[in-house]
Structures are given as structure tokens and as C-alpha cells.
$ cat work39.txt   # compact mmCIF, C-alpha atoms
# COMPACT_ATOMS: atom_id res chain seq x y z
CA HIS A 1 96.05 -263.59 5.15
CA TYR A 2 96.13 -267.39 5.18
CA HIS A 3 97.09 -270.39 3.11
CA PHE A 4 96.60 -274.11 3.59
CA ARG A 5 97.05 -277.45 1.86
CA LEU A 6 94.05 -279.48 0.85
CA LYS A 7 95.20 -282.23 3.23
CA ASP A 8 94.69 -279.72 6.07
CA CYS A 9 90.95 -279.95 5.43
CA LEU A 10 90.89 -283.57 6.60
CA ARG A 11 90.04 -284.42 10.18
CA ASN A 12 92.68 -286.01 12.41
CA GLY A 13 93.36 -289.57 11.27
CA GLU A 14 91.25 -289.19 8.14
CA GLU A 15 92.91 -290.25 4.88
CA MET A 16 91.76 -289.34 1.39
CA GLU A 17 93.37 -288.59 -1.96
CA GLU A 18 93.59 -284.86 -2.59
CA GLU A 19 91.59 -285.05 -5.83
CA LYS A 20 88.69 -286.61 -3.88
CA ILE A 21 88.49 -284.06 -1.05
CA PRO A 22 84.94 -282.64 -1.26
CA LYS A 23 84.08 -278.96 -1.56
CA GLU A 24 82.31 -279.07 1.83
CA ALA A 25 85.71 -279.69 3.46
CA LEU A 26 86.82 -276.24 2.30
CA TYR A 27 83.80 -274.70 4.02
CA GLU A 28 84.44 -276.52 7.28
CA HIS A 29 88.15 -275.73 7.35
CA VAL A 30 87.81 -272.00 6.63
CA LYS A 31 84.96 -271.66 9.11
CA GLU A 32 87.04 -273.34 11.82
CA GLN A 33 90.03 -271.08 11.15
CA LEU A 34 87.86 -267.96 11.26
CA LEU A 35 86.32 -268.99 14.56
CA ASN A 36 89.64 -269.72 16.26
CA GLY A 37 91.26 -266.55 14.92
CA THR A 38 93.82 -268.19 12.64
CA VAL A 39 92.43 -266.21 9.70
CA SER A 40 92.23 -262.43 9.98
CA VAL A 41 90.24 -260.37 7.53
CA ASP A 42 91.61 -257.07 6.25
CA LEU A 43 88.75 -254.59 6.19
CA SER A 44 90.37 -252.34 3.59
CA ASP A 45 87.88 -251.77 0.82
CA LYS A 46 88.68 -251.75 -2.88
CA ASN A 47 89.50 -248.02 -2.69
CA GLY A 48 92.07 -248.58 0.09
CA ALA A 49 89.95 -247.13 2.92
CA THR A 50 90.07 -249.07 6.18
CA LYS A 51 86.87 -249.85 8.04
CA SER A 52 86.63 -250.27 11.78
CA ASN A 53 86.66 -253.77 13.26
CA SER A 54 83.50 -252.86 15.17
CA LYS A 55 80.11 -253.82 13.83
CA HIS A 56 79.76 -252.18 10.43
CA LYS A 57 77.73 -253.08 7.41
CA THR A 58 80.25 -254.51 4.92
CA THR A 59 79.62 -256.24 1.63
CA PHE A 60 82.04 -258.72 0.14
CA ARG A 61 82.48 -261.33 -2.55
CA VAL A 62 84.85 -264.26 -2.96
CA THR A 63 86.68 -264.74 -6.28
CA CYS A 64 88.65 -267.86 -7.19
CA ASP A 65 91.17 -268.83 -9.84
CA ARG A 66 91.94 -272.55 -9.95
CA ILE A 67 95.13 -273.93 -11.47
CA GLY A 68 96.29 -277.54 -11.55
CA GLY A 69 94.45 -280.46 -10.07
CA PRO A 70 92.57 -282.63 -10.60
CA HIS A 71 90.07 -281.47 -7.98
CA ALA A 72 86.60 -282.71 -7.06
CA TRP A 73 85.20 -279.21 -7.61
CA GLN A 74 85.46 -276.12 -9.82
CA ALA A 75 86.31 -272.48 -9.06
CA PRO A 76 82.63 -271.45 -8.53
CA ASP A 77 82.33 -274.19 -5.89
CA VAL A 78 85.30 -272.72 -4.02
CA GLU A 79 83.72 -269.26 -4.15
CA TYR A 80 80.40 -270.60 -2.84
CA GLU A 81 81.82 -272.71 0.02
CA ILE A 82 84.41 -270.25 1.30
CA GLY A 83 82.02 -267.34 0.81
CA GLY A 84 79.44 -269.24 2.84
CA ALA A 85 81.90 -269.81 5.68
CA ILE A 86 82.86 -266.13 5.79
CA ALA A 87 79.23 -264.99 5.64
CA GLU A 88 78.23 -267.28 8.52
CA VAL A 89 81.08 -266.30 10.85
CA MET A 90 81.15 -262.59 9.98
CA GLU A 91 77.39 -262.01 10.00
CA PRO A 92 77.43 -260.65 13.60
CA LEU A 93 79.78 -257.92 12.33
CA GLY A 94 77.34 -256.96 9.59
CA TRP A 95 79.08 -258.71 6.70
CA LYS A 96 76.88 -259.60 3.74
CA PRO A 97 77.83 -261.28 0.44
CA LYS A 98 77.24 -259.20 -2.68
CA MET A 99 78.34 -260.08 -6.18
CA GLU A 100 78.48 -256.52 -7.57
CA ASP A 101 79.36 -253.14 -6.10
CA TYR A 102 80.90 -254.81 -3.05
CA ASP A 103 83.23 -253.26 -0.47
CA VAL A 104 85.82 -256.02 -0.17
CA CYS A 105 86.95 -258.69 -2.65
CA ILE A 106 88.43 -261.79 -1.03
CA ARG A 107 90.62 -263.98 -3.22
CA ALA A 108 90.54 -267.73 -2.70
CA ASP A 109 92.98 -269.02 -5.30
CA VAL A 110 93.84 -272.70 -5.70
CA VAL A 111 97.22 -273.74 -7.13
CA GLY A 112 97.51 -277.51 -7.18
CA ASP A 113 97.01 -278.59 -3.58
CA LEU A 114 97.57 -275.09 -2.15
CA VAL A 115 94.72 -272.70 -1.28
CA VAL A 116 95.62 -269.03 -0.72
CA LEU A 117 93.20 -266.58 0.92
CA GLY A 118 93.76 -262.84 0.74
CA THR A 119 92.15 -259.46 0.21
CA GLN A 120 92.40 -258.02 -3.29
CA LEU A 121 93.72 -254.49 -2.90
CA ASN A 122 93.83 -253.38 -6.52
CA VAL A 123 91.02 -253.38 -9.04
CA HIS A 124 92.99 -252.37 -12.11
CA ASP A 125 95.93 -254.14 -13.73
CA MET A 126 98.97 -252.49 -12.16
CA SER A 127 101.27 -253.80 -14.89
CA LYS A 128 99.88 -251.43 -17.51
CA GLY A 129 101.44 -248.11 -18.35
CA ARG A 130 104.76 -248.66 -16.56
CA HIS A 131 108.26 -248.23 -18.04
CA PHE A 132 107.17 -247.34 -21.60
CA LEU A 133 107.50 -243.58 -21.52
CA LYS A 134 109.41 -243.41 -24.81
CA TYR A 135 109.56 -246.81 -26.50
CA ARG A 136 107.56 -250.03 -26.44
CA ASN A 137 108.73 -253.20 -28.16
CA ALA A 138 106.26 -255.18 -30.28
CA VAL A 139 106.35 -258.02 -27.73
CA THR A 140 107.17 -257.23 -24.14
CA ILE A 141 106.94 -258.77 -20.69
CA LYS A 142 104.39 -257.54 -18.14
CA THR A 143 105.88 -255.57 -15.29
CA ASN A 144 104.30 -257.72 -12.57
CA LEU A 145 106.01 -260.77 -14.04
CA ALA A 146 109.24 -258.77 -14.38
CA TYR A 147 109.02 -257.94 -10.67
CA VAL A 148 108.75 -261.61 -9.75
CA MET A 149 111.73 -262.51 -11.92
CA VAL A 150 113.92 -259.79 -10.41
CA ARG A 151 113.02 -260.97 -6.91
CA LEU A 152 114.05 -264.52 -7.85
CA ALA A 153 117.48 -263.23 -8.94
CA ASN A 154 118.46 -262.75 -5.27
CA LEU A 155 120.30 -259.52 -6.06
CA LYS A 156 121.99 -257.39 -3.44
CA PRO A 157 122.08 -253.57 -3.54
CA SER A 158 124.90 -252.19 -5.71
CA GLY A 159 125.07 -255.49 -7.64
CA THR A 160 125.38 -255.88 -11.41
CA LEU A 161 122.38 -257.06 -13.43
CA LEU A 162 122.50 -258.17 -17.07
CA ASP A 163 119.70 -258.66 -19.60
CA PRO A 164 121.12 -259.86 -22.94
CA PHE A 165 117.68 -259.83 -24.66
CA CYS A 166 116.48 -256.53 -23.20
CA GLY A 167 113.77 -255.44 -25.67
CA SER A 168 112.14 -252.35 -24.11
CA GLY A 169 114.21 -252.75 -20.96
CA THR A 170 111.27 -253.72 -18.73
CA LEU A 171 113.23 -256.15 -16.55
CA LEU A 172 116.09 -253.75 -15.90
CA LEU A 173 113.76 -250.81 -15.25
CA GLU A 174 111.74 -252.85 -12.78
CA ALA A 175 114.97 -253.80 -11.01
CA LEU A 176 116.21 -250.20 -10.93
CA GLN A 177 112.92 -249.08 -9.44
CA MET A 178 112.98 -251.90 -6.88
CA TYR A 179 116.53 -251.04 -5.78
CA LYS A 180 116.06 -247.27 -6.13
CA GLY A 181 118.76 -247.09 -8.79
CA ASN A 182 121.39 -248.72 -6.58
CA LEU A 183 122.41 -251.19 -9.29
CA SER A 184 124.73 -251.42 -12.26
CA THR A 185 122.83 -252.63 -15.32
CA ILE A 186 123.86 -253.96 -18.70
CA ALA A 187 121.21 -254.12 -21.40
CA MET A 188 121.87 -255.89 -24.70
CA ASP A 189 119.73 -256.52 -27.75
CA VAL A 190 120.51 -257.55 -31.30
CA SER A 191 118.13 -254.80 -32.48
CA LYS A 192 119.62 -251.31 -32.35
CA LYS A 193 116.10 -249.90 -32.19
CA SER A 194 115.41 -251.89 -29.03
CA ALA A 195 118.75 -251.08 -27.38
CA ASP A 196 118.26 -247.35 -28.09
CA GLY A 197 114.61 -247.53 -27.01
CA ALA A 198 115.54 -249.19 -23.70
CA ARG A 199 118.06 -246.40 -23.10
CA GLU A 200 115.40 -243.77 -23.78
CA ASN A 201 112.98 -245.46 -21.37
CA ALA A 202 115.65 -245.56 -18.66
CA GLN A 203 116.57 -241.91 -19.17
CA ALA A 204 112.89 -240.93 -19.07
CA GLU A 205 112.71 -242.50 -15.60
CA GLY A 206 115.83 -240.68 -14.47
CA PHE A 207 118.41 -243.44 -14.91
CA GLY A 208 121.55 -243.00 -16.99
CA LYS A 209 120.80 -239.45 -18.11
CA ASN A 210 124.54 -238.89 -18.28
CA GLY A 211 125.58 -240.82 -21.37
CA ASP A 212 129.02 -241.46 -19.86
CA ASP A 213 127.60 -243.21 -16.76
CA VAL A 214 129.11 -246.70 -16.90
CA SER A 215 126.54 -247.94 -14.37
CA PHE A 216 123.92 -248.03 -17.13
CA GLN A 217 125.12 -249.67 -20.34
CA PHE A 218 123.01 -250.25 -23.45
CA ILE A 219 124.68 -252.36 -26.13
CA CYS A 220 123.51 -253.42 -29.57
CA SER A 221 124.88 -256.94 -29.90
CA ASP A 222 123.93 -260.54 -30.43
CA ALA A 223 123.76 -262.30 -27.04
CA ARG A 224 126.02 -265.02 -28.42
CA GLY A 225 128.82 -262.45 -28.36
CA LEU A 226 128.26 -261.77 -24.68
CA ARG A 227 131.87 -262.20 -23.62
CA ARG A 228 133.07 -259.56 -26.09
CA HIS A 229 131.27 -256.92 -24.04
CA VAL A 230 131.15 -258.30 -20.48
CA GLU A 231 134.19 -259.42 -18.49
CA ASP A 232 134.25 -262.80 -16.80
CA ASP A 233 133.06 -263.10 -13.18
CA THR A 234 131.60 -259.58 -13.06
CA VAL A 235 127.82 -260.11 -13.15
CA ASP A 236 125.74 -260.87 -10.04
CA ALA A 237 122.61 -261.98 -11.89
CA ILE A 238 121.16 -262.38 -15.38
CA VAL A 239 117.43 -261.83 -15.75
CA THR A 240 116.01 -262.17 -19.25
CA ASN A 241 113.07 -263.09 -21.44
CA LEU A 242 114.61 -265.55 -23.91
CA PRO A 243 113.40 -265.54 -27.53
CA TRP A 244 110.39 -267.84 -27.83
CA GLY A 245 110.78 -268.49 -31.54
CA VAL A 246 107.14 -267.57 -32.14
CA MET A 247 107.21 -263.95 -33.31
CA THR A 248 110.82 -263.56 -34.35
CA GLY A 249 109.94 -263.20 -38.01
CA GLN A 250 112.37 -265.97 -38.89
CA ASN A 251 110.35 -269.09 -37.99
CA GLN A 252 113.19 -270.38 -35.86
CA SER A 253 113.16 -274.13 -35.49
CA VAL A 254 113.52 -275.93 -32.21
CA SER A 255 117.09 -276.89 -33.16
CA ASP A 256 117.96 -273.24 -33.87
CA LEU A 257 116.67 -272.25 -30.45
CA GLN A 258 118.50 -275.20 -28.88
CA THR A 259 121.79 -273.84 -30.24
CA LEU A 260 120.99 -270.28 -29.17
CA TYR A 261 119.98 -271.30 -25.64
CA GLU A 262 123.02 -273.51 -25.15
CA ILE A 263 125.49 -270.88 -26.34
CA PHE A 264 123.78 -268.30 -24.13
CA LEU A 265 124.04 -270.52 -21.05
CA ARG A 266 127.66 -271.47 -21.75
CA ASN A 267 128.69 -267.82 -22.13
CA SER A 268 126.63 -266.77 -19.12
CA TRP A 269 128.56 -269.20 -16.92
CA TYR A 270 131.73 -267.22 -17.57
CA VAL A 271 130.41 -263.71 -16.96
CA LEU A 272 128.50 -264.67 -13.79
CA LYS A 273 130.14 -264.55 -10.40
CA PRO A 274 130.18 -267.88 -8.51
CA GLY A 275 126.71 -268.40 -7.05
CA GLY A 276 125.19 -265.91 -9.47
CA ARG A 277 121.74 -266.71 -10.83
CA ILE A 278 120.11 -266.76 -14.24
CA VAL A 279 116.36 -266.14 -14.20
CA MET A 280 114.81 -266.97 -17.59
CA LEU A 281 111.30 -266.70 -18.96
CA VAL A 282 111.05 -269.21 -21.81
CA LEU A 283 108.22 -270.84 -23.71
CA ARG A 284 109.98 -274.20 -24.02
CA GLY A 285 110.68 -275.02 -20.40
CA LEU A 286 111.41 -278.69 -21.04
CA GLN A 287 113.97 -277.77 -23.69
CA ILE A 288 115.83 -275.48 -21.27
CA MET A 289 115.64 -278.19 -18.59
CA ARG A 290 117.41 -280.65 -20.90
CA ILE A 291 120.15 -278.13 -21.69
CA VAL A 292 120.67 -277.35 -18.00
CA ARG A 293 120.98 -281.07 -17.30
CA LYS A 294 123.52 -281.31 -20.10
CA LEU A 295 125.49 -278.52 -18.40
CA SER A 296 124.86 -279.94 -14.93
CA GLY A 297 128.48 -279.50 -13.90
CA ARG A 298 128.11 -275.76 -14.37
CA PHE A 299 124.62 -274.96 -13.12
CA ARG A 300 122.23 -276.03 -10.38
CA LEU A 301 118.51 -275.84 -11.12
CA ILE A 302 116.73 -273.95 -8.32
CA HIS A 303 113.20 -273.19 -9.58
CA ALA A 304 111.00 -274.20 -12.49
CA ASN A 305 107.53 -272.63 -12.46
CA VAL A 306 104.97 -272.60 -15.25
CA VAL A 307 103.18 -269.26 -15.76
CA ARG A 308 99.73 -268.90 -17.23
CA THR A 309 99.43 -266.10 -19.78
CA THR A 310 96.63 -265.31 -22.20
CA ASN A 311 97.69 -267.66 -24.98
CA ASN A 312 100.71 -269.60 -23.73
CA LEU A 313 102.23 -271.44 -20.78
CA PRO A 314 105.80 -270.16 -20.49
CA CYS A 315 108.13 -271.21 -17.71
CA ILE A 316 110.31 -269.27 -15.28
CA MET A 317 113.57 -271.17 -14.87
CA VAL A 318 116.13 -270.21 -12.22
CA VAL A 319 119.63 -271.70 -12.26
CA GLU A 320 122.67 -270.93 -10.15
CA LYS A 321 126.28 -270.97 -11.30
CA LEU A 322 128.46 -273.61 -9.68
CA PRO A 323 132.00 -272.32 -9.00
CA LYS A 324 133.57 -274.98 -11.19
CA ASP A 325 132.72 -278.13 -13.13
CA GLU A 326 134.18 -280.57 -10.61
CA VAL A 327 133.40 -283.72 -12.61
CA ARG A 328 135.02 -282.37 -15.79
CA ASP A 329 138.06 -281.07 -13.90
CA SER A 330 138.48 -284.44 -12.17
CA ILE A 331 138.38 -286.41 -15.42
CA LYS A 332 140.80 -284.04 -17.17
CA GLY A 333 143.17 -284.18 -14.22
CA GLN A 334 143.19 -287.97 -14.23
CA LEU A 335 143.70 -288.07 -17.99
CA SER A 336 146.61 -285.68 -17.68
CA HIS A 337 148.19 -287.73 -14.91
CA LEU A 338 147.75 -291.13 -16.58
CA SER A 339 148.51 -290.10 -20.18
CA LYS A 340 152.25 -290.45 -19.55
CA PHE A 341 151.75 -294.20 -19.01
CA VAL A 342 150.20 -294.80 -22.43
CA SER A 343 151.25 -293.89 -25.93
CA VAL A 344 148.51 -291.54 -27.10
CA SER A 345 149.27 -288.84 -29.64
CA PRO A 346 147.64 -285.39 -29.28
CA GLU A 347 145.59 -286.12 -32.41
CA ILE A 348 144.16 -289.36 -30.98
CA TYR A 349 143.47 -287.64 -27.65
CA GLN A 350 141.52 -284.91 -29.45
CA SER A 351 139.60 -287.49 -31.44
CA ILE A 352 138.63 -289.52 -28.37
CA HIS A 353 137.68 -286.66 -26.06
CA ASN A 354 136.42 -284.14 -28.64
CA GLU A 355 138.82 -281.53 -27.29
CA GLU A 356 140.20 -280.24 -30.58
CA VAL A 357 138.14 -277.13 -30.09
CA ASP A 358 138.13 -275.90 -26.51
CA ASP A 359 134.96 -277.33 -25.01
CA ASP A 360 134.64 -274.30 -22.75
CA GLY A 361 134.05 -271.97 -25.68

$ encode --input "work39.txt" --output "C-alpha cells"
Amino acid sequence: HYHFRLKDCLRNGEEMEEEKIPKEALYEHVKEQLLNGTVSVDLSDKNGATKSNSKHKTTFRVTCDRIGGPHAWQAPDVEYEIGGAIAEVMEPLGWKPKMEDYDVCIRADVVGDLVVLGTQLNVHDMSKGRHFLKYRNAVTIKTNLAYVMVRLANLKPSGTLLDPFCGSGTLLLEALQMYKGNLSTIAMDVSKKSADGARENAQAEGFGKNGDDVSFQFICSDARGLRRHVEDDTVDAIVTNLPWGVMTGQNQSVSDLQTLYEIFLRNSWYVLKPGGRIVMLVLRGLQIMRIVRKLSGRFRLIHANVVRTTNNLPCIMVVEKLPKDEVRDSIKGQLSHLSKFVSVSPEIYQSIHNEEVDDDG
């Protein structure tokens, strides 16, 4: 219903570092917004029923998750202060705080300097039990996270989506559901069991039941051989959960993953259409960041967001393909033009510029 920055809690002309803003400021700000009508309260209860705006006995609680900081308070302080503001303003309408068996749960989540207020509509984890009708990989991404990643891909209806590390196919199935099947999808995995399992999951949900349907491809292949199966400039977006190197069974080192990630990004640049995006979930966000910077002539970094899971802090990275590496093309053009004025053999040129093997490969 409403979100605000911690700085918004300060009075006009007042200055204070965000980490020193007191918890009482949250109370005052939310109370003020409720009184002037900036904040509206959805009276839908936890079962989805909507109550009347007229005076009606309603119980509520405020729940907070706090990420980032530092802050001058903890999550329980946020619950107490914002809950107090709501109770005071809404009391004439019969609202009462209640910690258990309440009618409405109001979320007051803090992410860094951002506070987000909203009504929690679902009690149970909606990510469970979706897209695994036939096969479930040992390690798989949650569907709510998959939804976010697909949204970040900026796909258009009838576009082509690729996942070269598909596993159970969760990302592609979430996309197909979001776009009501109006997509072409390419799923790849080095494990034949996973590629076949993803196909079975898709068919169980009504996608690709005709094995000859080229709109739904499932390929058993190493992602490093991407260009053997996908033509250049044909993919609108790549959305994938990159190998983390934690449960691969091979104890992959950081250098092994570095090579894999770099080859994947280099090949992806070719198969993507200009402006196409790669949305990656990866455990080593800083490592991917360094590779993207290394390939800065080919990609533009759009988003980098850390995600909190049960045991890890992976990162969603979003990059966009630049139409061409303008810096590289400029240097090569100048070298080509000026090489006729100096006596440089092809062998020396290759030695100087490391071009013996095509650098684009």
C-alpha cells in the first residue's frame, strides 16, 4: 500500500544519518500518513474475504523482516511502533492488535533505507508444489524467485527464451505460465535425466505435448557448446540458475567456475539478439561482476541484487547485450589501417595482440 525512505521520517529541515533515525520516527511518520489518507489499508483478511470499510471489529498484527542497515532498532521495534500507529488511528473503526488468530497481517519490511507496508494475502508458501508434476531435480530454484527472474528478462509475447542450465525446467515453466504458452523455449542441461525430466514436466502442464513442436526444445548438452544448438541472434532472453559449485559432486574450484562462466557469457553474446538480456542467479556475484567488467564491450550491467535464502546469499545479475564491441572494433580498424605503414609480420601481430586464436570464440 505504501513505501517510504527512512529520510522521509525526518521533519522539514531536520538532518540525521539514517542509521541514527530513532524507532519513534517510524511511529510518527506512519501515523501522519494514515491520518492524511496517504496510506490505505486493505481489509481483506487472511482467507481473502473483504470486510466493509464501516466500523467493524477487526484484529491485526504487524510483521517485519529487516535486511541491511545498520539501523538504530530491530525488527520487533518496527512491529511495535508501526503497530502502535495503526492501532491508534484505526481504533475508531474497531481495529485491535492481536498476535495470534488475527484477521489481517500487515507487513512492514525494511530493506536498507526503504520501508514497505502492505497486507499479506497468502499464509502458505506459494512456491511449493508447482511445476514438479513428473520430475524434481535434487537442487532446484523456488518458483517465486523464478517468477522474479523471468520478469527481469523483459520478454515480449512470442519471444524466445533460453535456459542452458535448466534442471527441472522451473524457470521456463514459470515463463510459459506467465505468458500463457506464447513463447518459444529452449531448455538445455548436461544431464540427460534433467533434460528429459524438464520435458516431462512441461508436457504434464500441457506444453510441448507434440514431440515435433519446435517451439519447445529440450536438449542434452553442455552449455559451453551453446552455439552448436542455437543460431546466432535468435534468442530474446536467457534466464538461468548458474552452477554454484557447491553441490555439483565435483568440488569445482573458483577457477573452474570462472572458466565456465566466461565461456557461457561469451557464447551467450552471440545467440542473443541486440538488447537481449541475461538474468542469472549465481552464488558468487562478485566473480560474475568481474567477468562482466572484463567483457564490458559486450554487455551492460543493469541489475545486481543479493537474495537471502535459507543458507546462502546468492545474487541475481542482469546484463544486456550491446550490439557490438565498439572499443574492440575501433582498435582493430585502426590497426588494420596503420599496419601498412609498418613492417609487422602476421606472426608478430598475433604475438602482440593475442589474436592467433580468434578472440571472439

$ residues_near_point --input "work39.txt" --point "(116.0, -254.6, -30.7)" --cutoff "9 Å" --atoms "only C-alpha atoms" --output "NGL selection string"
:A and (137 or 165-168 or 188-198 or 220)

$ closest_residue --input "work39.txt" --among "A:Met16, A:Leu155, A:Ala85, A:Val139" --to "Trp244 of chain A" --atoms "only C-alpha atoms"
A:Val139

$ closest_residue --input "work39.txt" --among "A:His3, A:Ala25, A:Ile186, A:Ile331" --to "Thr38 of chain A" --atoms "all atoms listed in the file"
A:His3

$ closest_atom_pairs --input "work39.txt" --of "segment 262-324 of chain A" --to "segment 169-174 of chain A" --cutoff "12 Å" --atoms "only C-alpha atoms" --output "CSV"
residue,atom,partner,partner_atom,distance
A:Val279,CA,A:Leu171,CA,10.7
A:Met280,CA,A:Leu171,CA,11.0
A:Leu281,CA,A:Leu171,CA,11.0

$ write_last_selection --input "work39.txt" --atoms "C-alpha atoms" --output "short mmCIF file (atom, residue, chain, number, x, y, z; two decimals), in the frame of the given file"
data_model
loop_
_atom_site.label_atom_id
_atom_site.label_comp_id
_atom_site.auth_asym_id
_atom_site.auth_seq_id
_atom_site.Cartn_x
_atom_site.Cartn_y
_atom_site.Cartn_z
CA VAL A 279 116.36 -266.14 -14.20
CA MET A 280 114.81 -266.97 -17.59
CA LEU A 281 111.30 -266.70 -18.96
#

$ atom_distance --input "work39.txt" --atom1 "atom CA of Thr63 of chain A" --atom2 "atom CA of Val39 of chain A"
17.0 Å

$ residues_around --input "work39.txt" --residues "Ser255 of chain A" --least-positions-apart "5" --cutoff "12 Å" --atoms "all atoms listed in the file" --output "PyMOL selection string"
chain A and resi 245+260-262+284+287+291

$ write_last_selection --input "work39.txt" --atoms "C-alpha atoms" --output "PDB file, keeping the file's coordinate frame"
ATOM      1  CA  GLY A 245     110.780-268.490 -31.540  1.00  0.00           C
ATOM      2  CA  LEU A 260     120.990-270.280 -29.170  1.00  0.00           C
ATOM      3  CA  TYR A 261     119.980-271.300 -25.640  1.00  0.00           C
ATOM      4  CA  GLU A 262     123.020-273.510 -25.150  1.00  0.00           C
ATOM      5  CA  ARG A 284     109.980-274.200 -24.020  1.00  0.00           C
ATOM      6  CA  GLN A 287     113.970-277.770 -23.690  1.00  0.00           C
ATOM      7  CA  ILE A 291     120.150-278.130 -21.690  1.00  0.00           C
TER       8      ILE A 291
END

$ residues_around --input "work39.txt" --residues "Lys7 of chain A" --least-positions-apart "6" --cutoff "12 Å" --atoms "all atoms listed in the file" --output "number ranges by chain"
A: 13-22, 25-26, 29, 112-115

$ atom_distance --input "work39.txt" --atom1 "atom CA of Val148 of chain A" --atom2 "atom CA of Val282 of chain A"
14.4 Å

$ axis_aligned_box --input "work39.txt" --around "segment 165-170 of chain A" --padding-each-side "4 Å" --output "lines of an AutoDock Vina configuration file"
center_x = 114.5
center_y = -256.1
center_z = -22.2
size_x = 14.4
size_y = 15.5
size_z = 14.9

$ atom_distance --input "work39.txt" --atom1 "atom CA of Gly275 of chain A" --atom2 "atom CA of Asp236 of chain A"
8.2 Å

$ closest_residue --input "work39.txt" --among "A:Ser184, A:Pro243, A:Ser158, A:Thr234" --to "Phe216 of chain A" --atoms "all atoms listed in the file"
A:Ser184

$ closest_residue --input "work39.txt" --among "A:Gly208, A:Gly37, A:Pro97, A:Gly118" --to "His1 of chain A" --atoms "only C-alpha atoms"
A:Gly118

$ residues_around --input "work39.txt" --residues "Gly206 of chain A" --least-positions-apart "6" --cutoff "12 Å" --atoms "all atoms listed in the file" --output "list in words"
His131, Leu133, Leu173, Leu176, Gln177, Lys180, Gly181, Arg199, Glu200 and Phe216 of chain A

$ residues_around --input "work39.txt" --residues "Glu81 of chain A" --least-positions-apart "5" --cutoff "9 Å" --atoms "only C-alpha atoms" --output "ChimeraX atom specification"
/A:23-28,30,76,86

$ residues_around --input "work39.txt" --residues "Glu320 of chain A" --least-positions-apart "3" --cutoff "9 Å" --atoms "all atoms listed in the file" --output "number ranges by chain"
A: 274-279, 298-302

$ closest_residue --input "work39.txt" --among "A:Ala153, A:Ala87, A:Ala75, A:Ala223" --to "Thr58 of chain A" --atoms "only C-alpha atoms"
A:Ala87

$ residues_near_point --input "work39.txt" --point "(111.0, -273.5, -12.5)" --cutoff "7 Å" --atoms "all atoms listed in the file" --output "JSON list (two decimals) with C-alpha atoms, in the coordinates of the input"
[["chain", "number", "residue", "atom", "x", "y", "z"],
["A", 303, "HIS", "CA", 113.20, -273.19, -9.58],
["A", 304, "ALA", "CA", 111.00, -274.20, -12.49],
["A", 305, "ASN", "CA", 107.53, -272.63, -12.46],
["A", 306, "VAL", "CA", 104.97, -272.60, -15.25],
["A", 315, "CYS", "CA", 108.13, -271.21, -17.71],
["A", 316, "ILE", "CA", 110.31, -269.27, -15.28],
["A", 317, "MET", "CA", 113.57, -271.17, -14.87],
["A", 318, "VAL", "CA", 116.13, -270.21, -12.22]]

$ closest_residue --input "work39.txt" --among "A:Leu283, A:Leu10, A:Ala72, A:Val116" --to "Thr309 of chain A" --atoms "all atoms listed in the file"
A:Leu283
